[in-house]
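Q: Below is input.tsv; it holds TSV, C-alpha atoms.
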```
chain	number	residue	atom	x	y	z
A	1	MET	CA	14.01	-7.10	-9.98
A	2	LEU	CA	11.11	-5.37	-8.43
A	3	ASN	CA	10.13	-5.96	-4.83
A	4	THR	CA	6.79	-7.77	-4.96
A	5	GLN	CA	5.38	-5.76	-2.08
A	6	THR	CA	5.71	-2.38	-3.71
A	7	THR	CA	3.18	-0.81	-6.00
A	8	PHE	CA	3.96	-0.91	-9.69
A	9	VAL	CA	3.32	2.59	-11.01
A	10	LEU	CA	3.25	3.38	-14.70
A	11	TYR	CA	3.08	6.95	-15.97
A	12	GLU	CA	1.77	8.23	-19.27
A	13	GLU	CA	5.22	8.98	-20.61
A	14	GLU	CA	6.37	5.38	-20.13
A	15	VAL	CA	3.16	3.89	-21.47
A	16	GLY	CA	3.69	6.07	-24.56
A	17	LYS	CA	7.20	4.71	-25.08
A	18	VAL	CA	6.05	1.13	-24.57
A	19	LYS	CA	3.19	1.63	-26.98
A	20	GLU	CA	5.56	2.95	-29.62
A	21	VAL	CA	7.76	-0.14	-29.36
A	22	ILE	CA	4.87	-2.59	-29.64
A	23	ASP	CA	3.26	-0.60	-32.46
A	24	ASN	CA	6.51	-0.89	-34.38
A	25	LEU	CA	6.72	-4.58	-33.57
A	26	LEU	CA	3.18	-5.09	-34.86
A	27	ASP	CA	4.16	-3.57	-38.21
A	28	ALA	CA	7.52	-5.25	-38.47
A	29	SER	CA	6.28	-8.73	-37.57
A	30	ASN	CA	2.98	-8.54	-39.47
A	31	ALA	CA	1.23	-9.81	-36.35
A	32	LYS	CA	-2.50	-9.62	-35.56
A	33	SER	CA	-2.20	-8.26	-32.06
A	34	ILE	CA	0.38	-7.71	-29.35
A	35	TYR	CA	-0.03	-7.51	-25.58
A	36	LEU	CA	2.38	-6.57	-22.83
A	37	VAL	CA	1.45	-8.07	-19.47
A	38	ASP	CA	3.19	-7.90	-16.12
A	39	LYS	CA	4.09	-11.12	-14.33
A	40	ASN	CA	1.21	-10.70	-11.89
A	41	GLY	CA	-1.35	-10.71	-14.67
A	42	GLN	CA	-1.92	-6.99	-15.14
A	43	MET	CA	-2.28	-5.68	-18.69
A	44	ILE	CA	0.22	-2.90	-19.41
A	45	ALA	CA	-0.38	-2.13	-23.07
A	46	SER	CA	-1.77	-3.67	-26.24
A	47	THR	CA	-1.98	-2.95	-29.95
A	48	GLY	CA	-3.41	-4.32	-33.17
A	49	ASN	CA	-6.67	-6.19	-33.56
A	50	VAL	CA	-7.45	-6.43	-29.85
A	51	ALA	CA	-11.22	-5.99	-29.87
A	52	GLU	CA	-12.09	-9.66	-30.34
A	53	ILE	CA	-10.05	-10.98	-27.41
A	54	ASP	CA	-10.88	-10.56	-23.71
A	55	ALA	CA	-7.68	-8.79	-22.67
A	56	THR	CA	-8.15	-9.24	-18.91
A	57	SER	CA	-8.52	-13.00	-19.28
A	58	LEU	CA	-5.57	-13.12	-21.65
A	59	ALA	CA	-3.42	-11.26	-19.13
A	60	SER	CA	-4.26	-13.49	-16.17
A	61	LEU	CA	-3.91	-16.74	-18.13
A	62	THR	CA	-0.61	-15.62	-19.65
A	63	ALA	CA	0.76	-14.78	-16.22
A	64	GLY	CA	-0.47	-18.12	-14.88
A	65	ASN	CA	1.12	-19.90	-17.80
A	66	ILE	CA	4.46	-18.12	-17.33
A	67	ALA	CA	4.34	-18.80	-13.59
A	68	ALA	CA	3.70	-22.52	-14.15
A	69	THR	CA	6.38	-22.78	-16.84
A	70	GLY	CA	8.79	-20.90	-14.57
A	71	GLY	CA	8.06	-23.46	-11.85
A	72	LEU	CA	8.87	-26.25	-14.30
A	73	ALA	CA	12.10	-24.50	-15.31
A	74	LYS	CA	13.26	-24.29	-11.71
A	75	LEU	CA	12.44	-27.98	-11.20
A	76	ILE	CA	14.95	-28.95	-13.87
A	77	GLY	CA	17.50	-26.37	-12.77
A	78	GLU	CA	16.82	-23.63	-15.30
A	79	LYS	CA	16.27	-19.99	-14.34
A	80	GLU	CA	13.30	-19.57	-16.66
A	81	PHE	CA	12.08	-20.52	-20.10
A	82	ALA	CA	12.25	-17.19	-21.84
A	83	ILE	CA	10.22	-18.17	-24.92
A	84	GLN	CA	7.06	-20.19	-25.51
A	85	PHE	CA	5.28	-20.85	-28.75
A	86	HIS	CA	1.78	-22.30	-29.16
A	87	GLU	CA	0.67	-23.33	-32.62
A	88	GLY	CA	-3.02	-23.36	-33.53
A	89	GLU	CA	-4.86	-24.20	-36.73
A	90	LYS	CA	-5.13	-20.56	-37.75
A	91	ASP	CA	-3.62	-18.42	-35.04
A	92	ASN	CA	-0.44	-18.85	-33.08
A	93	ILE	CA	0.84	-17.32	-29.87
A	94	HIS	CA	4.44	-16.36	-29.20
A	95	ILE	CA	5.15	-15.55	-25.55
A	96	SER	CA	8.44	-14.20	-24.28
A	97	ILE	CA	9.73	-12.81	-21.00
A	98	VAL	CA	11.28	-9.36	-21.20
A	99	SER	CA	13.76	-8.15	-18.63
A	100	SER	CA	12.66	-10.96	-16.23
A	101	ARG	CA	9.65	-8.86	-15.39
A	102	VAL	CA	7.08	-8.40	-18.15
A	103	ILE	CA	5.59	-10.75	-20.71
A	104	LEU	CA	5.32	-9.96	-24.40
A	105	VAL	CA	2.51	-11.80	-26.19
A	106	VAL	CA	2.37	-11.79	-29.98
A	107	ILE	CA	-0.63	-13.32	-31.77
A	108	PHE	CA	-0.12	-13.99	-35.47
A	109	ASP	CA	-1.50	-16.05	-38.35
A	110	GLN	CA	-0.23	-17.29	-41.72
A	111	ARG	CA	0.51	-13.74	-42.88
A	112	SER	CA	3.57	-13.89	-40.65
A	113	SER	CA	5.89	-16.70	-39.58
A	114	LEU	CA	7.52	-17.96	-36.42
A	115	GLY	CA	10.96	-17.00	-37.72
A	116	LEU	CA	9.95	-13.42	-38.47
A	117	VAL	CA	8.16	-13.04	-35.13
A	118	ARG	CA	11.16	-14.38	-33.20
A	119	LEU	CA	13.52	-12.06	-35.02
A	120	ARG	CA	11.39	-8.93	-34.48
A	121	VAL	CA	10.53	-9.83	-30.89
A	122	LYS	CA	14.22	-9.99	-30.06
A	123	LYS	CA	14.74	-6.43	-31.25
A	124	ALA	CA	11.63	-5.15	-29.49
A	125	SER	CA	12.66	-6.93	-26.28
A	126	ASN	CA	15.89	-4.97	-26.20
A	127	ALA	CA	14.01	-1.70	-26.58
A	128	LEU	CA	11.52	-2.68	-23.88
A	129	THR	CA	14.31	-3.73	-21.54
A	130	VAL	CA	15.73	-0.21	-21.73
A	131	ILE	CA	12.34	1.30	-20.88
A	132	PHE	CA	11.71	-1.04	-17.94
A	133	ASP	CA	15.23	-0.52	-16.61
A	134	GLU	CA	14.45	3.20	-16.62
A	135	ILE	CA	11.21	2.54	-14.73
A	136	SER	CA	13.09	0.45	-12.14
A	137	ALA	CA	15.69	3.17	-11.73
A	138	LYS	CA	12.95	5.74	-11.31
A	139	GLU	CA	11.22	3.62	-8.68
A	140	LYS	CA	14.46	3.24	-6.74
A	141	ALA	CA	15.26	6.93	-6.96
A	142	GLN	CA	11.81	8.03	-5.87
A	143	GLY	CA	11.52	5.46	-3.09
A	144	SER	CA	9.23	6.72	-0.37
A	145	THR	CA	8.46	9.97	-2.15
A	146	GLN	CA	6.57	7.98	-4.77
A	147	GLY	CA	3.46	8.58	-2.68
A	148	MET	CA	3.39	12.24	-3.61
A	149	ALA	CA	1.76	11.30	-6.86
A	150	ASN	CA	-0.34	8.47	-5.48
A	151	PRO	CA	-4.03	9.26	-5.92
A	152	PHE	CA	-4.82	7.17	-2.85
A	153	ALA	CA	-2.98	9.37	-0.39
A	154	GLU	CA	-6.12	11.39	0.25
A	155	ILE	CA	-8.64	8.59	0.08
A	156	THR	CA	-11.37	8.62	2.75
A	157	ASP	CA	-13.58	5.91	4.27
A	158	ASP	CA	-16.50	7.45	2.40
A	159	ASP	CA	-14.69	7.03	-0.92
A	160	ILE	CA	-14.26	3.34	-0.19
A	161	ASP	CA	-17.82	2.85	1.04
A	162	ASN	CA	-19.13	4.54	-2.10
A	163	LEU	CA	-17.51	1.82	-4.22
A	164	PHE	CA	-19.91	-0.70	-2.75
A	165	SER	CA	-23.08	1.34	-2.74
B	1	MET	CA	1.48	-5.85	-5.76
B	2	SER	CA	-1.04	-3.30	-6.84
B	3	PHE	CA	-0.62	-1.71	-10.23
B	4	ILE	CA	-1.36	1.96	-10.88
B	5	ASN	CA	-1.56	2.98	-14.52
B	6	TYR	CA	-1.63	6.75	-14.93
B	7	ALA	CA	-2.11	6.53	-18.68
B	8	SER	CA	-5.43	4.69	-18.46
B	9	ARG	CA	-6.16	6.00	-14.93
B	10	GLU	CA	-6.64	2.55	-13.52
B	11	ILE	CA	-5.65	0.80	-10.36
B	12	ASN	CA	-5.60	-2.98	-10.12
B	13	CYS	CA	-5.35	-5.03	-6.94
B	14	LYS	CA	-5.06	-8.78	-6.46
B	15	ILE	CA	-7.06	-10.64	-3.83
B	16	VAL	CA	-6.53	-14.35	-3.21
B	17	TYR	CA	-9.07	-16.70	-1.60
B	18	TYR	CA	-7.16	-19.40	0.30
B	19	GLY	CA	-8.36	-22.39	2.32
B	20	PRO	CA	-8.55	-26.18	2.51
B	21	GLY	CA	-10.03	-28.31	-0.28
B	22	LEU	CA	-13.81	-28.07	-0.70
B	23	CYS	CA	-14.15	-25.16	1.74
B	24	GLY	CA	-16.04	-23.03	-0.79
B	25	LYS	CA	-13.47	-20.67	-2.36
B	26	THR	CA	-14.76	-21.19	-5.88
B	27	THR	CA	-18.35	-20.96	-4.60
B	28	ASN	CA	-17.55	-17.52	-3.15
B	29	LEU	CA	-16.34	-16.32	-6.55
B	30	GLN	CA	-19.29	-17.88	-8.34
B	31	TYR	CA	-21.71	-16.06	-6.06
B	32	VAL	CA	-19.93	-12.74	-6.58
B	33	TYR	CA	-20.02	-13.38	-10.32
B	34	GLN	CA	-23.76	-14.19	-10.33
B	35	LYS	CA	-24.71	-11.15	-8.29
B	36	THR	CA	-22.55	-8.55	-10.03
B	37	ALA	CA	-23.91	-6.38	-12.82
B	38	ASN	CA	-22.55	-7.26	-16.26
B	39	GLU	CA	-20.80	-3.93	-16.72
B	40	SER	CA	-18.81	-4.44	-13.51
B	41	LYS	CA	-17.47	-7.91	-14.12
B	42	GLY	CA	-15.29	-9.64	-16.63
B	43	LYS	CA	-15.27	-13.28	-17.60
B	44	MET	CA	-14.82	-15.78	-14.80
B	45	ILE	CA	-12.12	-18.28	-15.63
B	46	SER	CA	-11.99	-21.64	-13.86
B	47	LEU	CA	-9.07	-23.95	-14.52
B	48	ALA	CA	-10.65	-27.03	-12.98
B	49	THR	CA	-10.57	-30.82	-13.35
B	50	GLU	CA	-13.46	-32.72	-14.90
B	51	SER	CA	-14.92	-33.20	-11.45
B	52	GLU	CA	-14.88	-29.43	-10.95
B	53	ARG	CA	-12.06	-29.39	-8.43
B	54	THR	CA	-9.85	-26.34	-8.95
B	55	LEU	CA	-6.69	-27.43	-10.74
B	56	PHE	CA	-4.77	-24.18	-11.02
B	57	PHE	CA	-6.94	-21.18	-10.19
B	58	ASP	CA	-10.24	-19.40	-10.64
B	59	PHE	CA	-10.09	-15.81	-11.75
B	60	LEU	CA	-12.72	-13.09	-11.62
B	61	PRO	CA	-11.99	-9.46	-12.55
B	62	LEU	CA	-14.29	-6.93	-10.87
B	63	ALA	CA	-14.55	-3.22	-11.61
B	64	LEU	CA	-15.90	-1.51	-8.53
B	65	GLY	CA	-16.09	2.08	-9.70
B	66	GLU	CA	-13.92	5.14	-9.40
B	67	VAL	CA	-11.90	6.48	-6.51
B	68	ARG	CA	-10.47	9.94	-7.06
B	69	GLY	CA	-10.85	9.60	-10.81
B	70	PHE	CA	-9.14	6.20	-10.97
B	71	LYS	CA	-11.00	3.10	-12.12
B	72	THR	CA	-10.63	0.59	-9.32
B	73	ARG	CA	-10.33	-3.03	-10.34
B	74	PHE	CA	-10.01	-6.07	-8.14
B	75	HIS	CA	-8.72	-9.33	-9.53
B	76	LEU	CA	-10.08	-12.17	-7.41
B	77	TYR	CA	-8.20	-15.47	-7.50
B	78	THR	CA	-8.74	-18.77	-5.73
B	79	VAL	CA	-6.05	-21.38	-5.14
B	80	PRO	CA	-6.51	-25.14	-5.48
B	81	GLY	CA	-7.17	-26.30	-1.92
B	82	GLN	CA	-5.98	-29.88	-2.17
B	83	VAL	CA	-2.75	-30.45	-0.28
B	84	PHE	CA	-0.74	-31.81	-3.22
B	85	TYR	CA	-1.22	-28.68	-5.33
B	86	ASP	CA	1.16	-26.65	-3.19
B	87	ALA	CA	3.42	-25.63	-6.08
B	88	SER	CA	0.43	-24.02	-7.83
B	89	ARG	CA	-0.68	-22.24	-4.66
B	90	LYS	CA	2.74	-20.60	-4.31
B	91	LEU	CA	2.54	-19.26	-7.85
B	92	ILE	CA	-0.87	-17.71	-7.34
B	93	LEU	CA	0.22	-15.91	-4.18
B	94	LYS	CA	2.79	-13.92	-6.16
B	95	GLY	CA	1.98	-10.24	-6.09
B	96	VAL	CA	-1.02	-10.65	-3.78
B	97	ASP	CA	-2.46	-7.53	-2.12
B	98	GLY	CA	-5.01	-9.12	0.19
B	99	ILE	CA	-5.95	-12.56	1.50
B	100	VAL	CA	-9.33	-14.07	2.33
B	101	PHE	CA	-8.99	-17.29	4.30
B	102	VAL	CA	-12.10	-19.39	3.78
B	103	ALA	CA	-12.49	-21.88	6.64
B	104	ASP	CA	-14.77	-24.89	6.52
B	105	SER	CA	-16.73	-24.60	9.77
B	106	GLN	CA	-17.55	-28.31	9.99
B	107	GLU	CA	-16.06	-29.99	13.02
B	108	GLU	CA	-14.25	-32.69	11.06
B	109	ARG	CA	-12.50	-30.09	8.88
B	110	MET	CA	-10.81	-28.24	11.73
B	111	ASP	CA	-7.49	-30.01	11.16
B	112	ALA	CA	-7.64	-29.25	7.44
B	113	ASN	CA	-8.28	-25.56	8.22
B	114	ILE	CA	-5.30	-25.36	10.55
B	115	GLU	CA	-3.05	-27.15	8.08
B	116	SER	CA	-4.11	-24.84	5.26
B	117	LEU	CA	-3.58	-21.71	7.36
B	118	GLU	CA	-0.09	-22.90	8.32
B	119	ASN	CA	0.60	-23.61	4.66
B	120	LEU	CA	-0.56	-20.09	3.75
B	121	LYS	CA	1.79	-18.51	6.31
B	122	GLU	CA	4.73	-20.58	5.07
B	123	ASN	CA	4.08	-19.83	1.42
B	124	LEU	CA	3.78	-16.11	2.13
B	125	GLU	CA	6.94	-16.12	4.22
B	126	GLU	CA	8.84	-17.66	1.32
B	127	GLN	CA	7.99	-14.52	-0.62
B	128	GLY	CA	8.85	-12.20	2.22
B	129	TYR	CA	5.29	-11.44	3.32
B	130	ASP	CA	3.94	-11.65	6.85
B	131	LEU	CA	0.28	-12.71	6.82
B	132	TYR	CA	-0.51	-10.64	9.88
B	133	LYS	CA	1.00	-7.48	8.44
B	134	MET	CA	-1.01	-7.51	5.25
B	135	PRO	CA	-4.73	-7.09	4.44
B	136	PHE	CA	-6.27	-10.33	5.71
B	137	VAL	CA	-9.80	-11.42	6.63
B	138	ILE	CA	-11.31	-14.77	7.61
B	139	GLN	CA	-14.59	-16.28	6.54
B	140	TYR	CA	-16.19	-19.14	8.52
B	141	ASN	CA	-18.06	-20.82	5.69
B	142	LYS	CA	-20.74	-23.53	5.64
B	143	GLN	CA	-22.56	-22.11	8.66
B	144	ASP	CA	-25.77	-23.73	7.43
B	145	LEU	CA	-24.48	-27.25	8.10
B	146	PRO	CA	-25.35	-29.14	11.31
B	147	ASN	CA	-21.97	-30.39	12.56
B	148	LEU	CA	-20.24	-27.06	13.20
B	149	SER	CA	-17.24	-26.30	15.34
B	150	PRO	CA	-18.19	-23.75	18.01
B	151	ILE	CA	-17.32	-20.23	16.85
B	152	GLU	CA	-15.02	-19.73	19.87
B	153	GLU	CA	-12.99	-22.71	18.77
B	154	LEU	CA	-12.72	-21.48	15.19
B	155	GLN	CA	-11.60	-18.09	16.47
B	156	ARG	CA	-9.07	-19.59	18.88
B	157	PHE	CA	-7.36	-21.76	16.28
B	158	LEU	CA	-7.76	-19.70	13.13
B	159	ASN	CA	-7.95	-16.09	14.22
B	160	PRO	CA	-5.70	-15.48	17.21
B	161	THR	CA	-4.88	-11.93	16.10
B	162	LYS	CA	-8.55	-11.02	15.61
B	163	VAL	CA	-8.55	-9.89	12.01
B	164	PRO	CA	-12.01	-9.10	10.58
B	165	GLU	CA	-14.05	-12.31	10.45
B	166	PHE	CA	-17.37	-13.26	8.87
B	167	LYS	CA	-19.81	-16.13	9.18
B	168	ALA	CA	-20.94	-17.26	5.77
B	169	CYS	CA	-22.83	-19.67	3.63
B	170	ALA	CA	-21.31	-19.16	0.20
B	171	MET	CA	-23.90	-21.39	-1.50
B	172	SER	CA	-26.72	-19.03	-0.56
B	173	GLY	CA	-24.49	-15.95	-0.54
B	174	VAL	CA	-24.70	-15.13	3.17
B	175	GLY	CA	-21.54	-13.24	4.16
B	176	VAL	CA	-19.94	-13.37	0.70
B	177	PHE	CA	-20.13	-9.67	-0.13
B	178	GLU	CA	-19.43	-8.66	3.48
B	179	THR	CA	-16.16	-10.61	3.24
B	180	LEU	CA	-15.25	-9.12	-0.14
B	181	LYS	CA	-16.05	-5.61	0.98
B	182	ALA	CA	-13.92	-5.98	4.09
B	183	ILE	CA	-10.85	-7.21	2.23
B	184	ALA	CA	-11.25	-4.60	-0.53
B	185	LYS	CA	-11.41	-1.89	2.09
B	186	LEU	CA	-8.27	-3.16	3.85
B	187	VAL	CA	-6.41	-3.30	0.52
B	188	LEU	CA	-7.35	0.28	-0.35
B	189	LEU	CA	-6.41	1.50	3.12
B	190	GLU	CA	-3.06	-0.24	2.72
B	191	LEU	CA	-2.57	1.68	-0.55
B	192	LYS	CA	-3.33	4.86	1.32
B	193	LYS	CA	-0.74	3.99	3.96
B	194	GLY	CA	1.81	3.21	1.27
B	195	ALA	CA	1.09	6.55	-0.32
B	196	ARG	CA	2.06	8.57	2.70
```
Take the structure I supplied and represent it as structure tokens, if you would.

A:
Amino acid sequence: MLNTQTTFVLYEEEVGKVKEVIDNLLDASNAKSIYLVDKNGQMIASTGNVAEIDATSLASLTAGNIAATGGLAKLIGEKEFAIQFHEGEKDNIHISIVSSRVILVVIFDQRSSLGLVRLRVKKASNALTVIFDEISAKEKAQGSTQGMANPFAEITDDDIDNLFS
Amino acid sequence: MSFINYASREINCKIVYYGPGLCGKTTNLQYVYQKTANESKGKMISLATESERTLFFDFLPLALGEVRGFKTRFHLYTVPGQVFYDASRKLILKGVDGIVFVADSQEERMDANIESLENLKENLEEQGYDLYKMPFVIQYNKQDLPNLSPIEELQRFLNPTKVPEFKACAMSGVGVFETLKAIAKLVLLELKKGAR
């Protein structure tokens, strides 16, 4: 697992791979929209009919939900609850933890079914696990040299002050 | 843990407002929300009880502008201040980049401030963080009230290492943006350090 004090860096290449997996999942599961969120509440990628939902709120609430459920799991001696399902009148949410590190959120209605979503999510999770394992390996390998690509290496006090002007 | 996304050229940082119950953490966020232009803020989420006490957290996403071509976003969170919500507080501290400790400057709340600060240190230590080695500022809130602890006393008990500190009245907004600006600056400077 990732050290919580490091910076989580995602490059275009990886975002592209992630996007491909969730695009495929969207098709295969007949879902309305799909979001990939990191455990700290940051949105990584999304696909489908995402315009009508506030993605930033969705990301932070999902992370809060997973954190609270994880706390419950530990209370009863479980490592985590990997899957959650919330059923609404029209729309449903399927939430699953991938690779102990990111959260896959699938929103679907009656055009799909829980069984289909679960089945397709399982396959997509495996593909995502491979990608995030690669990212972890890359982070480890780069270590302190990661900063070479960090846009903040050259930041000045003026840059920061300008944000507030 | 800050999050840099090269694909969307975004950087996101997480700031947590900590402090004893009723010290004004949510009020700080509400003031920031009210005074921020629509295009720079997202929805403010408050998971609160019916009596408006924070139950889990408040959340306010802020987009401050661009640094070196990267959109800079700050996610502001508050924790529930009441002592018995400790499990929730621990969860919200996960992945934090900077801490604002909001102290209640009233004399009778001094003990609650100290207890909350100790609780913050413990909860951070559990996750391998050292409060005094990370971006951290203190706000002495409720300065408009009559029964204040002397500032020297607040400093002695709450700010022995002399991190940046601000007098505030979150209800009227005094000191709110000064506090936010200071912690945002420390977080960005920390990113710069990490980048070297």

Q: Mind checking which residues fall within 8 Å of B:Val176, counting only C-alpha atoms, ignoring those fewer than 6 positions away in the same chain, and posting them as a ChimeraX atom specification?

A: /B:28,31-32,168-170

Q: Output the selection as a PDB file, in the frame of the given file - C-alpha atoms for each residue.

A:
```
ATOM      1  CA  ASN B  28     -17.550 -17.520  -3.150  1.00  0.00           C
ATOM      2  CA  TYR B  31     -21.710 -16.060  -6.060  1.00  0.00           C
ATOM      3  CA  VAL B  32     -19.930 -12.740  -6.580  1.00  0.00           C
ATOM      4  CA  ALA B 168     -20.940 -17.260   5.770  1.00  0.00           C
ATOM      5  CA  CYS B 169     -22.830 -19.670   3.630  1.00  0.00           C
ATOM      6  CA  ALA B 170     -21.310 -19.160   0.200  1.00  0.00           C
TER       7      ALA B 170
END
```

Q: Quick check: residues of chain B within 8 Å of chain A, all atoms listed in the file, returned as a count of residues only.

A: 35

Q: Quick one: distance from atom CA of B:Glu122 to atom CA of B:Lys142 in Å, one decimal?

A: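 So the two atoms, atom CA of B:Glu122 and atom CA of B:Lys142, lie 25.6 Å apart.
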
Q: So how many Å separate atom CA of A:Val21 and atom CA of A:Ala124, to one decimal?

A: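 Here the two named atoms are 6.3 Å from each other.
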
Q: Would you list the contacts of stretch 99-108 of chain A as JSON, numbers by chain, taking every protein, DNA or RNA residue within 8 Å and counting all atoms listed in the file, but skipping same-chain residues closer than 2 positions in sequence?

A: {"A": [1, 2, 30, 31, 32, 33, 34, 35, 36, 37, 38, 39, 62, 63, 91, 92, 93, 94, 95, 96, 97, 110, 111, 112, 113, 117, 125, 128, 129, 132]}

Q: One decimal, Å: what's the distance from atom CA of A:Leu119 over to atom CA of A:Lys138, could you say?

A: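 Separation between atom CA of A:Leu119 and atom CA of A:Lys138: 29.7 Å.
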
Q: My structure is short of atoms at stretch 125-132 of chain B; please model all heavy atoms there, returning them as an mmCIF file, keeping the file's coordinate frame.

A:
```cif
data_model
loop_
_atom_site.group_PDB
_atom_site.id
_atom_site.type_symbol
_atom_site.label_atom_id
_atom_site.label_comp_id
_atom_site.auth_asym_id
_atom_site.auth_seq_id
_atom_site.Cartn_x
_atom_site.Cartn_y
_atom_site.Cartn_z
ATOM 1 N N GLU B 125 5.610 -16.420 3.673
ATOM 2 C CA GLU B 125 6.940 -16.120 4.220
ATOM 3 C C GLU B 125 8.024 -16.329 3.169
ATOM 4 O O GLU B 125 8.973 -15.555 3.081
ATOM 5 C CB GLU B 125 7.230 -16.995 5.439
ATOM 6 C CG GLU B 125 6.777 -16.349 6.739
ATOM 7 C CD GLU B 125 6.761 -17.322 7.897
ATOM 8 O OE1 GLU B 125 7.527 -18.309 7.847
ATOM 9 O OE2 GLU B 125 5.971 -17.094 8.832
ATOM 10 N N GLU B 126 7.866 -17.387 2.379
ATOM 11 C CA GLU B 126 8.840 -17.660 1.320
ATOM 12 C C GLU B 126 9.004 -16.468 0.385
ATOM 13 O O GLU B 126 10.039 -16.261 -0.225
ATOM 14 C CB GLU B 126 8.382 -18.865 0.479
ATOM 15 C CG GLU B 126 8.908 -20.172 1.001
ATOM 16 C CD GLU B 126 8.469 -21.336 0.131
ATOM 17 O OE1 GLU B 126 8.368 -21.163 -1.098
ATOM 18 O OE2 GLU B 126 8.221 -22.406 0.698
ATOM 19 N N GLN B 127 7.935 -15.692 0.267
ATOM 20 C CA GLN B 127 7.990 -14.520 -0.620
ATOM 21 C C GLN B 127 8.238 -13.239 0.149
ATOM 22 O O GLN B 127 8.116 -12.137 -0.394
ATOM 23 C CB GLN B 127 6.674 -14.394 -1.376
ATOM 24 C CG GLN B 127 6.412 -15.578 -2.261
ATOM 25 C CD GLN B 127 5.183 -15.360 -3.121
ATOM 26 O OE1 GLN B 127 4.946 -14.270 -3.608
ATOM 27 N NE2 GLN B 127 4.407 -16.396 -3.291
ATOM 28 N N GLY B 128 8.535 -13.372 1.422
ATOM 29 C CA GLY B 128 8.850 -12.200 2.220
ATOM 30 C C GLY B 128 7.648 -11.451 2.770
ATOM 31 O O GLY B 128 7.754 -10.309 3.196
ATOM 32 N N TYR B 129 6.483 -12.083 2.757
ATOM 33 C CA TYR B 129 5.290 -11.440 3.320
ATOM 34 C C TYR B 129 5.032 -12.000 4.729
ATOM 35 O O TYR B 129 5.328 -13.150 5.003
ATOM 36 C CB TYR B 129 4.039 -11.784 2.525
ATOM 37 C CG TYR B 129 3.939 -11.237 1.128
ATOM 38 C CD1 TYR B 129 4.518 -11.890 0.063
ATOM 39 C CD2 TYR B 129 3.187 -10.099 0.879
ATOM 40 C CE1 TYR B 129 4.382 -11.413 -1.231
ATOM 41 C CE2 TYR B 129 3.043 -9.619 -0.416
ATOM 42 C CZ TYR B 129 3.642 -10.283 -1.458
ATOM 43 O OH TYR B 129 3.499 -9.817 -2.723
ATOM 44 N N ASP B 130 4.418 -11.178 5.562
ATOM 45 C CA ASP B 130 3.940 -11.650 6.850
ATOM 46 C C ASP B 130 2.408 -11.538 6.818
ATOM 47 O O ASP B 130 1.863 -10.445 6.673
ATOM 48 C CB ASP B 130 4.522 -10.749 7.959
ATOM 49 C CG ASP B 130 4.027 -11.160 9.339
ATOM 50 O OD1 ASP B 130 3.047 -11.931 9.429
ATOM 51 O OD2 ASP B 130 4.627 -10.701 10.331
ATOM 52 N N LEU B 131 1.743 -12.682 6.945
ATOM 53 C CA LEU B 131 0.280 -12.710 6.820
ATOM 54 C C LEU B 131 -0.382 -11.661 7.710
ATOM 55 O O LEU B 131 -1.343 -11.009 7.324
ATOM 56 C CB LEU B 131 -0.237 -14.107 7.170
ATOM 57 C CG LEU B 131 -1.758 -14.289 7.202
ATOM 58 C CD1 LEU B 131 -2.387 -14.040 5.832
ATOM 59 C CD2 LEU B 131 -2.141 -15.678 7.684
ATOM 60 N N TYR B 132 0.152 -11.518 8.918
ATOM 61 C CA TYR B 132 -0.510 -10.640 9.880
ATOM 62 C C TYR B 132 -0.161 -9.169 9.697
ATOM 63 O O TYR B 132 -0.629 -8.312 10.429
ATOM 64 C CB TYR B 132 -0.220 -11.115 11.306
ATOM 65 C CG TYR B 132 -0.827 -12.491 11.533
ATOM 66 C CD1 TYR B 132 -0.022 -13.612 11.737
ATOM 67 C CD2 TYR B 132 -2.210 -12.667 11.492
ATOM 68 C CE1 TYR B 132 -0.579 -14.872 11.911
ATOM 69 C CE2 TYR B 132 -2.773 -13.916 11.655
ATOM 70 C CZ TYR B 132 -1.960 -15.017 11.867
ATOM 71 O OH TYR B 132 -2.527 -16.258 12.014
#
```
